[in-house]
Amino acid sequence: MDRAGRRRDLHAADTLRIEVTDTRGDRLPCPREPGWDAESGRGLLLVEAPADRWGGSEGRFPRKTVWAEVGPETPEPVSSGSGVASAIPQGT
């Protein structure tokens, strides 16, 4: 079976949405824990790591689209030592 695919990147406000459509519409994405020696099953782990949201949808048979949205990074709060968290690292 030919697995021709298409990728589309969309920008809206401060969010990037990446869509990948292929002709393997027989199954939608489902996260799983692949075995250490598995040769497949890690794709969604790679999508999920940087994504704020992701999902999949069925298209005209036999197509499906998997998408992920990534927004701007928010700095992790850093403790200032005063018991109050701060998004800006404090000097010493």
# chains A, B, ... in the order shown; residues from 1 in each chain; ligands from 1
>>> residues_around(residues="Leu10 (chain A)", least_positions_apart="6", cutoff="10 Å", atoms="only C-alpha atoms", output="list of chain:residue names")
A:Leu16, A:Arg17, A:Ile18, A:Glu19, A:Glu69
>>> write_last_selection(atoms="C-alpha atoms", output="short mmCIF file (atom, residue, chain, number, x, y, z; two decimals), in the first residue's frame")
data_model
loop_
_atom_site.label_atom_id
_atom_site.label_comp_id
_atom_site.auth_asym_id
_atom_site.auth_seq_id
_atom_site.Cartn_x
_atom_site.Cartn_y
_atom_site.Cartn_z
CA LEU A 16 2.11 26.71 15.61
CA ARG A 17 -0.05 23.81 14.42
CA ILE A 18 1.62 21.01 12.48
CA GLU A 19 -0.57 18.53 10.62
CA GLU A 69 0.03 22.52 18.57
#
>>> closest_residue(among="A:Leu45, A:Arg63, A:Arg53, A:Pro72", to="Ala13 (chain A)", atoms="only C-alpha atoms")
A:Pro72
>>> closest_residue(among="A:His11, A:Gly71, A:Ala51, A:Ser57", to="Pro29 (chain A)", atoms="only C-alpha atoms")
A:Ser57
>>> atom_distance(atom1="CA of Phe61 (chain A)", atom2="CA of Ala38 (chain A)")
28.6 Å
>>> select_by_dssp(residues="region 28-64 of chain A", states="helix (DSSP H, G or I)", output="list in words")
Gly43, Leu44, Leu45, Leu46, Val47 and Glu48 of chain A
>>> atom_distance(atom1="CA of Leu28 (chain A)", atom2="CA of Ala12 (chain A)")
25.0 Å
>>> residues_around(residues="Gly59 (chain A)", least_positions_apart="6", cutoff="10 Å", atoms="only C-alpha atoms", output="PyMOL selection string")
chain A and resi 21-23+25+65
>>> write_last_selection(atoms="C-alpha atoms", output="PDB file, in the first residue's frame")
ATOM      1  CA  THR A  21      -1.909  13.456   6.732  1.00  0.00           C
ATOM      2  CA  ASP A  22      -1.260   9.972   5.411  1.00  0.00           C
ATOM      3  CA  THR A  23      -3.145   7.139   3.768  1.00  0.00           C
ATOM      4  CA  GLY A  25      -6.631   5.647   7.960  1.00  0.00           C
ATOM      5  CA  THR A  65      -4.526  13.523  10.020  1.00  0.00           C
TER       6      THR A  65
END
>>> atom_distance(atom1="CA of Glu73 (chain A)", atom2="CA of Arg7 (chain A)")
23.2 Å
>>> residues_around(residues="Arg32 (chain A)", least_positions_apart="5", cutoff="9 Å", atoms="only C-alpha atoms", output="mmCIF file with N, CA and C atoms, in the first residue's frame")
data_model
loop_
_atom_site.group_PDB
_atom_site.id
_atom_site.type_symbol
_atom_site.label_atom_id
_atom_site.label_comp_id
_atom_site.auth_asym_id
_atom_site.auth_seq_id
_atom_site.Cartn_x
_atom_site.Cartn_y
_atom_site.Cartn_z
ATOM 1 N N GLY A 41 6.610 2.536 17.295
ATOM 2 C CA GLY A 41 5.775 2.852 18.446
ATOM 3 C C GLY A 41 6.210 4.063 19.240
ATOM 4 N N ARG A 42 7.184 4.810 18.744
ATOM 5 C CA ARG A 42 7.681 5.975 19.484
ATOM 6 C C ARG A 42 7.260 7.312 18.868
ATOM 7 N N LEU A 44 4.368 8.997 18.639
ATOM 8 C CA LEU A 44 3.576 9.899 19.476
ATOM 9 C C LEU A 44 4.355 10.404 20.681
ATOM 10 N N LEU A 45 5.311 9.630 21.165
ATOM 11 C CA LEU A 45 6.166 10.126 22.247
ATOM 12 C C LEU A 45 6.946 11.345 21.781
#
>>> closest_residue(among="A:Arg8, A:Asp26, A:Ser40, A:Val20", to="Pro62 (chain A)", atoms="only C-alpha atoms")
A:Asp26
>>> closest_residue(among="A:Ala49, A:Asp37, A:Val70, A:Cys30", to="Asp9 (chain A)", atoms="only C-alpha atoms")
A:Val70
>>> select_by_dssp(residues="region 5-84 of chain A", states="strand (DSSP E)", output="PyMOL selection string")
chain A and resi 5-12+15-22+53-58+64-70+78-79
>>> decode(residues="region 9-58 of chain A", atoms="C-alpha atoms", output="PDB file, in the first residue's frame")
ATOM      1  CA  ASP A   9       2.200  24.056   9.107  1.00  0.00           C
ATOM      2  CA  LEU A  10      -0.302  26.676  10.267  1.00  0.00           C
ATOM      3  CA  HIS A  11       0.421  29.786  12.347  1.00  0.00           C
ATOM      4  CA  ALA A  12      -2.361  31.455  14.354  1.00  0.00           C
ATOM      5  CA  ALA A  13      -1.629  34.150  16.948  1.00  0.00           C
ATOM      6  CA  ASP A  14       1.267  32.660  18.910  1.00  0.00           C
ATOM      7  CA  THR A  15       0.522  28.973  18.212  1.00  0.00           C
ATOM      8  CA  LEU A  16       2.107  26.714  15.606  1.00  0.00           C
ATOM      9  CA  ARG A  17      -0.048  23.813  14.420  1.00  0.00           C
ATOM     10  CA  ILE A  18       1.616  21.014  12.483  1.00  0.00           C
ATOM     11  CA  GLU A  19      -0.573  18.532  10.616  1.00  0.00           C
ATOM     12  CA  VAL A  20       0.544  15.310   8.966  1.00  0.00           C
ATOM     13  CA  THR A  21      -1.909  13.456   6.732  1.00  0.00           C
ATOM     14  CA  ASP A  22      -1.260   9.972   5.411  1.00  0.00           C
ATOM     15  CA  THR A  23      -3.145   7.139   3.768  1.00  0.00           C
ATOM     16  CA  ARG A  24      -3.145   4.826   6.742  1.00  0.00           C
ATOM     17  CA  GLY A  25      -6.631   5.647   7.960  1.00  0.00           C
ATOM     18  CA  ASP A  26      -7.198   2.208   9.469  1.00  0.00           C
ATOM     19  CA  ARG A  27      -6.124   3.460  12.903  1.00  0.00           C
ATOM     20  CA  LEU A  28      -5.964   6.744  14.772  1.00  0.00           C
ATOM     21  CA  PRO A  29      -3.016   7.526  17.036  1.00  0.00           C
ATOM     22  CA  CYS A  30      -2.939   5.831  20.416  1.00  0.00           C
ATOM     23  CA  PRO A  31      -0.066   6.418  22.868  1.00  0.00           C
ATOM     24  CA  ARG A  32       1.718   3.283  24.030  1.00  0.00           C
ATOM     25  CA  GLU A  33       4.837   2.208  25.822  1.00  0.00           C
ATOM     26  CA  PRO A  34       7.013   0.388  23.278  1.00  0.00           C
ATOM     27  CA  GLY A  35       9.367  -2.303  24.476  1.00  0.00           C
ATOM     28  CA  TRP A  36      13.041  -1.390  24.671  1.00  0.00           C
ATOM     29  CA  ASP A  37      13.753  -3.431  21.545  1.00  0.00           C
ATOM     30  CA  ALA A  38      10.663  -2.375  19.546  1.00  0.00           C
ATOM     31  CA  GLU A  39      11.385  -0.938  16.099  1.00  0.00           C
ATOM     32  CA  SER A  40       8.266   1.238  16.095  1.00  0.00           C
ATOM     33  CA  GLY A  41       5.775   2.852  18.446  1.00  0.00           C
ATOM     34  CA  ARG A  42       7.681   5.975  19.484  1.00  0.00           C
ATOM     35  CA  GLY A  43       6.169   8.512  17.074  1.00  0.00           C
ATOM     36  CA  LEU A  44       3.576   9.899  19.476  1.00  0.00           C
ATOM     37  CA  LEU A  45       6.166  10.126  22.247  1.00  0.00           C
ATOM     38  CA  LEU A  46       8.136  12.443  19.962  1.00  0.00           C
ATOM     39  CA  VAL A  47       5.007  14.459  19.130  1.00  0.00           C
ATOM     40  CA  GLU A  48       3.753  14.656  22.715  1.00  0.00           C
ATOM     41  CA  ALA A  49       7.019  15.874  24.287  1.00  0.00           C
ATOM     42  CA  PRO A  50       7.069  19.436  22.856  1.00  0.00           C
ATOM     43  CA  ALA A  51       3.318  19.734  22.120  1.00  0.00           C
ATOM     44  CA  ASP A  52       0.823  21.662  24.217  1.00  0.00           C
ATOM     45  CA  ARG A  53      -2.005  19.717  22.553  1.00  0.00           C
ATOM     46  CA  TRP A  54      -2.217  16.978  19.954  1.00  0.00           C
ATOM     47  CA  GLY A  55      -4.814  14.720  18.388  1.00  0.00           C
ATOM     48  CA  GLY A  56      -5.986  12.947  15.301  1.00  0.00           C
ATOM     49  CA  SER A  57      -8.972  12.915  13.012  1.00  0.00           C
ATOM     50  CA  GLU A  58     -10.296  10.696  10.264  1.00  0.00           C
TER      51      GLU A  58
END
